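To start, the structure itself, in structure tokens.
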Amino acid sequence: MKIFPAIDLKEGKVVRLQQGDYNKMTVYGEDPLAVAREFEEAGAEFLHVVDLDGAKDGNTVNFAAVREIIEDTDLKVEIGGGIRNEEIVMEYARIGALRVIIGTMAVKDPEYTARMIRRHGENVAVGVDIAGINVAINGWTQVTSTSVDEMFQTLIDDGVKTIICTDIAKDGVMGGTNVRLYDKLVKDYGGYVDIIASGGISSDDDLQKLSEIGVDGAIIGKALYTGALDLAEVIRKYQN
């Protein structure tokens with residue numbers, strides 16, 4: 001199981017939101033590169049970055065911070081938030097991102113998403129943010145009528161290789177992850193696509209269960225910043 005420590009960016013700062021609520025934001029650092037280097041020193045190979053400004057507004061005000069992390073560390077960086085045209089996809093590819101994550105546009109413009117997957121292959125993943133049984137978009141501010149199963153089937157038909165799944169009810173509240181959800185997704189779709197779990201991963205028990213389920217990766221955010229989980233220990237036990 002790949003371990004992805006997470007950096008969420010808002011106006012150049014490292015922050016965490018509670019359940020995607022921009023009014024419930026905690027700032028954990030003024031220097032994203034310094035945080036990324038700490039993760040790298042702990043043994044991280046991968047890094048999950050979300051541009052919260054991009055997710056909400058579609059801009060890329062944090063592009064320079066992401067570029068600095070990619071250029072000044074050896075981390076394999078996946079980046080989401082504001083990936084709404086091919087120019088942005090190509091810009092992140094140009095600076096060496098492992099992959100970009102399309103979120104909102106996968107629902108709003110499925111033809112664009114299919115085209116990006118077709119043209120850029122494994123360099124494009126899709127983030128499916130989950131509210132109940134439906135998909136949320138626009139930085140989790142809007143719950144759509146598209147079901148998770150409909151979304152997965154469409155993306156698999158389009159040829160996507162990686163889907164990052166976040167249960168937004170669990171994200172940032174340190175209450176444990178939605179093991180039942182990921183177990184179902186892996187059983188139903190794991191033979192077709194790599195599934196990365198996100199949202200509420202806050203204990204060794206969460207990680208043990210996700211590892212047993214067979215998710216391809218786990219994204220850990222707030223639990224690292226609060227000290228509930230030690231990244232070096234997590235990587236030693238679960239990274240493959």
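In the structure tokens, the first chain shown is A, the next is B, and so on; residue numbers restart at 1 for each chain, and ligands run from 1 in the order shown.
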inquiry  = Neighbouring residues of A:Tyr112 were defined as those with any atom within 12 Å, considering only C-alpha atoms; residues of the same chain fewer than 5 positions away were excluded. Please report them as a VMD selection string.
reply    = chain A and resid 83 to 86 89 102 to 107 117 to 120 124 155 158
ask   = Residues of stretch 26-239 of chain A in strand (DSSP E) according to DSSP, as JSON, numbers by chain?
value = {"A": [26, 27, 28, 29, 46, 47, 48, 49, 50, 51, 76, 77, 78, 79, 80, 99, 100, 101, 102, 124, 125, 126, 127, 128, 129, 130, 131, 134, 135, 136, 137, 142, 143, 144, 145, 146, 147, 162, 163, 164, 165, 166, 167, 194, 195, 196, 197, 198, 217, 218, 219, 220]}
When DSSP works through the backbone of this structure, what residues of stretch 31-163 of chain A end up as helix (DSSP H, G or I), shown as a short mmCIF file (atom, residue, chain, number, x, y, z; two decimals) with N, CA and C atoms, in the first residue's frame?
```cif
data_model
loop_
_atom_site.label_atom_id
_atom_site.label_comp_id
_atom_site.auth_asym_id
_atom_site.auth_seq_id
_atom_site.Cartn_x
_atom_site.Cartn_y
_atom_site.Cartn_z
N PRO A 32 5.17 25.46 2.58
CA PRO A 32 4.86 24.12 2.07
C PRO A 32 6.09 23.28 1.78
N LEU A 33 7.15 23.89 1.26
CA LEU A 33 8.36 23.14 0.95
C LEU A 33 8.96 22.54 2.21
N ALA A 34 8.98 23.28 3.29
CA ALA A 34 9.53 22.78 4.54
C ALA A 34 8.74 21.57 5.03
N VAL A 35 7.42 21.63 4.91
CA VAL A 35 6.58 20.50 5.32
C VAL A 35 6.86 19.29 4.43
N ALA A 36 6.97 19.52 3.12
CA ALA A 36 7.26 18.42 2.20
C ALA A 36 8.60 17.78 2.52
N ARG A 37 9.58 18.59 2.86
CA ARG A 37 10.90 18.05 3.20
C ARG A 37 10.85 17.22 4.47
N GLU A 38 10.03 17.63 5.43
CA GLU A 38 9.87 16.83 6.66
C GLU A 38 9.28 15.46 6.32
N PHE A 39 8.31 15.43 5.44
CA PHE A 39 7.73 14.16 5.02
C PHE A 39 8.77 13.30 4.31
N GLU A 40 9.56 13.92 3.47
CA GLU A 40 10.60 13.18 2.74
C GLU A 40 11.63 12.61 3.70
N GLU A 41 12.02 13.39 4.69
CA GLU A 41 13.00 12.93 5.69
C GLU A 41 12.45 11.76 6.51
N LEU A 52 -6.50 24.13 -2.69
CA LEU A 52 -7.86 24.42 -2.28
C LEU A 52 -8.43 25.65 -2.98
N ASP A 53 -7.56 26.60 -3.28
CA ASP A 53 -8.02 27.76 -4.04
C ASP A 53 -8.48 27.32 -5.43
N GLY A 54 -7.70 26.44 -6.04
CA GLY A 54 -8.06 25.92 -7.35
C GLY A 54 -9.34 25.11 -7.31
N ALA A 55 -9.49 24.29 -6.27
CA ALA A 55 -10.69 23.46 -6.16
C ALA A 55 -11.94 24.31 -6.07
N LYS A 56 -11.84 25.44 -5.40
CA LYS A 56 -13.01 26.28 -5.19
C LYS A 56 -13.26 27.22 -6.36
N ASP A 57 -12.18 27.81 -6.90
CA ASP A 57 -12.32 28.89 -7.86
C ASP A 57 -11.80 28.57 -9.26
N PHE A 63 0.43 27.38 -7.79
CA PHE A 63 1.27 26.65 -8.74
C PHE A 63 2.75 26.74 -8.37
N ALA A 64 3.20 27.93 -7.99
CA ALA A 64 4.62 28.12 -7.66
C ALA A 64 5.04 27.28 -6.47
N ALA A 65 4.16 27.15 -5.49
CA ALA A 65 4.48 26.34 -4.31
C ALA A 65 4.59 24.87 -4.68
N VAL A 66 3.71 24.41 -5.56
CA VAL A 66 3.77 23.02 -6.01
C VAL A 66 5.04 22.78 -6.81
N ARG A 67 5.37 23.69 -7.69
CA ARG A 67 6.59 23.57 -8.49
C ARG A 67 7.82 23.50 -7.60
N GLU A 68 7.86 24.31 -6.56
CA GLU A 68 9.01 24.32 -5.66
C GLU A 68 9.16 22.97 -4.97
N ILE A 69 8.06 22.37 -4.55
CA ILE A 69 8.12 21.06 -3.91
C ILE A 69 8.66 20.02 -4.89
N ILE A 70 8.15 20.04 -6.11
CA ILE A 70 8.58 19.05 -7.10
C ILE A 70 10.06 19.23 -7.44
N GLU A 71 10.49 20.47 -7.59
CA GLU A 71 11.87 20.73 -8.01
C GLU A 71 12.87 20.53 -6.89
N ASP A 72 12.47 20.75 -5.65
CA ASP A 72 13.43 20.74 -4.54
C ASP A 72 13.32 19.53 -3.62
N GLU A 86 -6.75 21.52 -20.41
CA GLU A 86 -5.57 20.74 -20.78
C GLU A 86 -4.28 21.52 -20.55
N GLU A 87 -4.33 22.82 -20.64
CA GLU A 87 -3.13 23.63 -20.40
C GLU A 87 -2.57 23.40 -19.00
N ILE A 88 -3.46 23.33 -18.01
CA ILE A 88 -3.01 23.08 -16.64
C ILE A 88 -2.44 21.68 -16.51
N VAL A 89 -3.09 20.71 -17.13
CA VAL A 89 -2.58 19.33 -17.12
C VAL A 89 -1.16 19.30 -17.66
N MET A 90 -0.94 19.97 -18.77
CA MET A 90 0.37 19.97 -19.41
C MET A 90 1.41 20.75 -18.61
N GLU A 91 0.97 21.83 -17.95
CA GLU A 91 1.90 22.61 -17.12
C GLU A 91 2.42 21.78 -15.95
N TYR A 92 1.52 21.05 -15.29
CA TYR A 92 1.96 20.21 -14.19
C TYR A 92 2.84 19.05 -14.68
N ALA A 93 2.52 18.51 -15.85
CA ALA A 93 3.37 17.48 -16.43
C ALA A 93 4.76 18.04 -16.74
N ARG A 94 4.79 19.26 -17.22
CA ARG A 94 6.06 19.89 -17.59
C ARG A 94 6.98 20.06 -16.39
N THR A 104 -13.85 18.04 -10.05
CA THR A 104 -15.12 18.64 -10.47
C THR A 104 -15.42 18.42 -11.95
N MET A 105 -14.41 18.56 -12.78
CA MET A 105 -14.63 18.46 -14.22
C MET A 105 -15.03 17.06 -14.67
N ALA A 106 -14.71 16.05 -13.87
CA ALA A 106 -15.12 14.69 -14.22
C ALA A 106 -16.63 14.56 -14.24
N VAL A 107 -17.30 15.38 -13.44
CA VAL A 107 -18.76 15.39 -13.43
C VAL A 107 -19.29 16.43 -14.40
N LYS A 108 -18.71 17.62 -14.38
CA LYS A 108 -19.22 18.71 -15.20
C LYS A 108 -18.95 18.53 -16.69
N PRO A 110 -17.59 15.36 -18.66
CA PRO A 110 -17.03 14.02 -18.81
C PRO A 110 -16.29 13.82 -20.12
N GLU A 111 -16.66 14.55 -21.16
CA GLU A 111 -15.94 14.42 -22.43
C GLU A 111 -14.52 14.95 -22.31
N TYR A 112 -14.35 16.06 -21.62
CA TYR A 112 -13.01 16.60 -21.34
C TYR A 112 -12.19 15.58 -20.55
N THR A 113 -12.81 15.02 -19.52
CA THR A 113 -12.10 14.06 -18.67
C THR A 113 -11.66 12.84 -19.47
N ALA A 114 -12.56 12.31 -20.28
CA ALA A 114 -12.22 11.15 -21.12
C ALA A 114 -11.09 11.50 -22.08
N ARG A 115 -11.11 12.70 -22.61
CA ARG A 115 -10.07 13.14 -23.54
C ARG A 115 -8.72 13.24 -22.84
N MET A 116 -8.72 13.78 -21.61
CA MET A 116 -7.47 13.90 -20.86
C MET A 116 -6.90 12.51 -20.52
N ILE A 117 -7.78 11.60 -20.15
CA ILE A 117 -7.33 10.23 -19.86
C ILE A 117 -6.76 9.58 -21.11
N ARG A 118 -7.41 9.78 -22.21
CA ARG A 118 -6.96 9.19 -23.47
C ARG A 118 -5.61 9.77 -23.91
N ARG A 119 -5.44 11.06 -23.73
CA ARG A 119 -4.22 11.73 -24.20
C ARG A 119 -3.04 11.58 -23.24
N HIS A 120 -3.33 11.53 -21.95
CA HIS A 120 -2.26 11.59 -20.96
C HIS A 120 -2.14 10.34 -20.10
N GLY A 121 -2.99 9.37 -20.32
CA GLY A 121 -2.86 8.06 -19.69
C GLY A 121 -2.74 8.09 -18.18
N GLU A 122 -1.72 7.42 -17.66
CA GLU A 122 -1.55 7.28 -16.22
C GLU A 122 -1.18 8.59 -15.54
N ASN A 123 -0.89 9.63 -16.30
CA ASN A 123 -0.60 10.94 -15.71
C ASN A 123 -1.86 11.67 -15.28
N VAL A 148 -21.96 7.33 -6.92
CA VAL A 148 -20.58 6.86 -6.93
C VAL A 148 -20.42 5.71 -7.93
N ASP A 149 -21.37 4.80 -7.95
CA ASP A 149 -21.28 3.67 -8.89
C ASP A 149 -21.33 4.13 -10.34
N GLU A 150 -22.19 5.09 -10.64
CA GLU A 150 -22.24 5.63 -12.00
C GLU A 150 -20.91 6.27 -12.38
N MET A 151 -20.34 7.00 -11.43
CA MET A 151 -19.07 7.69 -11.69
C MET A 151 -17.96 6.69 -11.95
N PHE A 152 -17.87 5.67 -11.10
CA PHE A 152 -16.82 4.67 -11.26
C PHE A 152 -16.95 3.96 -12.60
N GLN A 153 -18.16 3.57 -12.97
CA GLN A 153 -18.34 2.83 -14.20
C GLN A 153 -17.95 3.67 -15.41
N THR A 154 -18.32 4.94 -15.39
CA THR A 154 -17.96 5.84 -16.49
C THR A 154 -16.45 5.97 -16.60
N LEU A 155 -15.80 6.18 -15.48
CA LEU A 155 -14.35 6.38 -15.49
C LEU A 155 -13.60 5.13 -15.93
N ILE A 156 -14.05 3.99 -15.49
CA ILE A 156 -13.42 2.74 -15.90
C ILE A 156 -13.60 2.53 -17.41
N ASP A 157 -14.78 2.85 -17.90
CA ASP A 157 -15.03 2.76 -19.35
C ASP A 157 -14.11 3.71 -20.12
N ASP A 158 -13.78 4.85 -19.51
CA ASP A 158 -12.90 5.83 -20.14
C ASP A 158 -11.43 5.41 -20.09
#
```
task = Skip A:Ala218 itself and residues of its chain fewer than 2 positions away, then list as a list in words all residues within 8 Å of it, counting only C-alpha atoms.
result =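 The contact residues come out as Met1, Lys2, Ile3, Phe4, Ile196, Ala197, Ser198, Ile201, Leu207, Leu210, Val215, Asp216 and Ile220 of chain A.
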ask   = Using only C-alpha atoms, which residues sit within 7 Å of stretch 127-135 of chain A once same-chain residues fewer than 5 positions away are excluded, as a PyMOL selection string?
value = chain A and resi 101-103+143-148+163-169
Generate the output file for the selected residues, C-alpha atoms, as a PDB file, in the first residue's frame.
```pdb
ATOM      1  CA  ILE A 101      -6.199  14.688 -10.338  1.00  0.00           C
ATOM      2  CA  ILE A 102      -9.366  15.780 -12.107  1.00  0.00           C
ATOM      3  CA  GLY A 103     -12.260  16.270  -9.723  1.00  0.00           C
ATOM      4  CA  VAL A 143     -23.543  17.424  -3.921  1.00  0.00           C
ATOM      5  CA  THR A 144     -24.597  16.157  -7.350  1.00  0.00           C
ATOM      6  CA  SER A 145     -27.188  13.611  -8.434  1.00  0.00           C
ATOM      7  CA  THR A 146     -24.417  11.410  -9.894  1.00  0.00           C
ATOM      8  CA  SER A 147     -23.966   8.236  -7.871  1.00  0.00           C
ATOM      9  CA  VAL A 148     -20.575   6.857  -6.929  1.00  0.00           C
ATOM     10  CA  ILE A 163      -9.239   6.900  -8.611  1.00  0.00           C
ATOM     11  CA  ILE A 164      -8.762   8.815  -5.363  1.00  0.00           C
ATOM     12  CA  CYS A 165     -11.838   8.418  -3.165  1.00  0.00           C
ATOM     13  CA  THR A 166     -12.653  10.732  -0.277  1.00  0.00           C
ATOM     14  CA  ASP A 167     -15.575  10.314   2.091  1.00  0.00           C
ATOM     15  CA  ILE A 168     -16.112  13.981   2.923  1.00  0.00           C
ATOM     16  CA  ALA A 169     -18.121  13.194   6.053  1.00  0.00           C
TER      17      ALA A 169
END
```
Atom CA of A:Val14 to atom CA of A:Ala136, distance in Å rounded to a single decimal =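 Rounded to one decimal, the two atoms are 22.8 Å apart.
Using only C-alpha atoms for every distance, the candidate list A:Val77, A:Leu98, A:Val160, A:Val61 yields A:Val77 as the residue closest to A:His48.
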request  = Would you work out the distance separating atom CA of A:Gly217 from atom CA of A:Gly43, expressed in Å to one decimal?
outcome  = 15.5 Å
